[in-house]
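**Q** Please see the structure below; I have some questions.
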Amino acid sequence: QVQLVESGGGLVQAGGSLRLSCAASGRSSGSYDTGWFRQAPGKEREFVAAFIWSGSTLYTDSVKGRFTISRDNDKNTVYLQMNNLKSEDTAAYYCAAAETPFLLATMARRVDKYDYWGQGTQVTVSS
């Protein structure tokens, strides 16, 4: 079992930055593939970024060049650095972990491929 706890959300002006953290307990964060998703009101949960089995990173097109996923295995924590935030980034952000390594990038983008989820942290970007 893995427990995930997100933090770092808040209210920020457009163009600003936030860093989200996802602290994992139960197992090392380096022993499973992890990702970040977000969900805006009235919309489906969507993929944002992930590590896949090779240690590579994957991003949705709308955040490329602005968001960076990273991890500190000693702290069992995964981060999402978000720069140049836009109003359309406003959402609840969730981290997730998968027991089965993602051999294909397409798997990492799917909500149903993750086994564990955090409770979410709200990010609100004002324009």
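In the structure tokens, the first chain shown is A, the next is B, and so on; residue numbers restart at 1 for each chain, and ligands run from 1 in the order shown.
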Name the residues in contact with A:Leu4 at a cut-off of 6 Å, using only C-alpha atoms, excluding same-chain residues fewer than 2 positions from it; report them as a ChimeraX atom specification.
**A** /A:23-24,118
**Q** Any chance you could export the current selection's C-alpha atoms as a PDB file, in the first residue's frame?
**A**
```pdb
ATOM      1  CA  ALA A  23       4.917  12.828  -0.247  1.00  0.00           C
ATOM      2  CA  ALA A  24       4.695   9.066  -0.401  1.00  0.00           C
ATOM      3  CA  GLY A 118      -3.633  11.557  -3.239  1.00  0.00           C
TER       4      GLY A 118
END
```
**Q** Which residues come within 6 Å of A:Gln81, counting only C-alpha atoms, excluding same-chain residues fewer than 3 positions away, as a PyMOL selection string?
**A** chain A and resi 19+67-68
**Q** Go ahead and compute the interatomic distance for atom CA of A:Glu99 and atom CA of A:Gly65, in Å to one decimal.
**A**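 That distance, rounded to one decimal, is 28.2 Å.
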**Q** Just list as JSON, numbers by chain whatever in chain A DSSP marks as helix (DSSP H, G or I).
**A** {"A": [29, 30, 31, 61, 62, 63, 73, 74, 75, 87, 88, 89, 105, 106, 107, 108, 111, 112, 113]}
**Q** For A:Ser127, list every protein, DNA or RNA residue within 12 Å, evaluated using only C-alpha atoms, and leave out those in the same chain fewer than 3 positions away; present the list as a ChimeraX atom specification.
**A** /A:11-16,84-90,124
**Q** With DSSP run on the backbone, what are the strand (DSSP E or B) residues within stretch 69-108 of chain A? I'd like them as a PyMOL selection string.
**A** chain A and resi 69-72+77-82+91-98
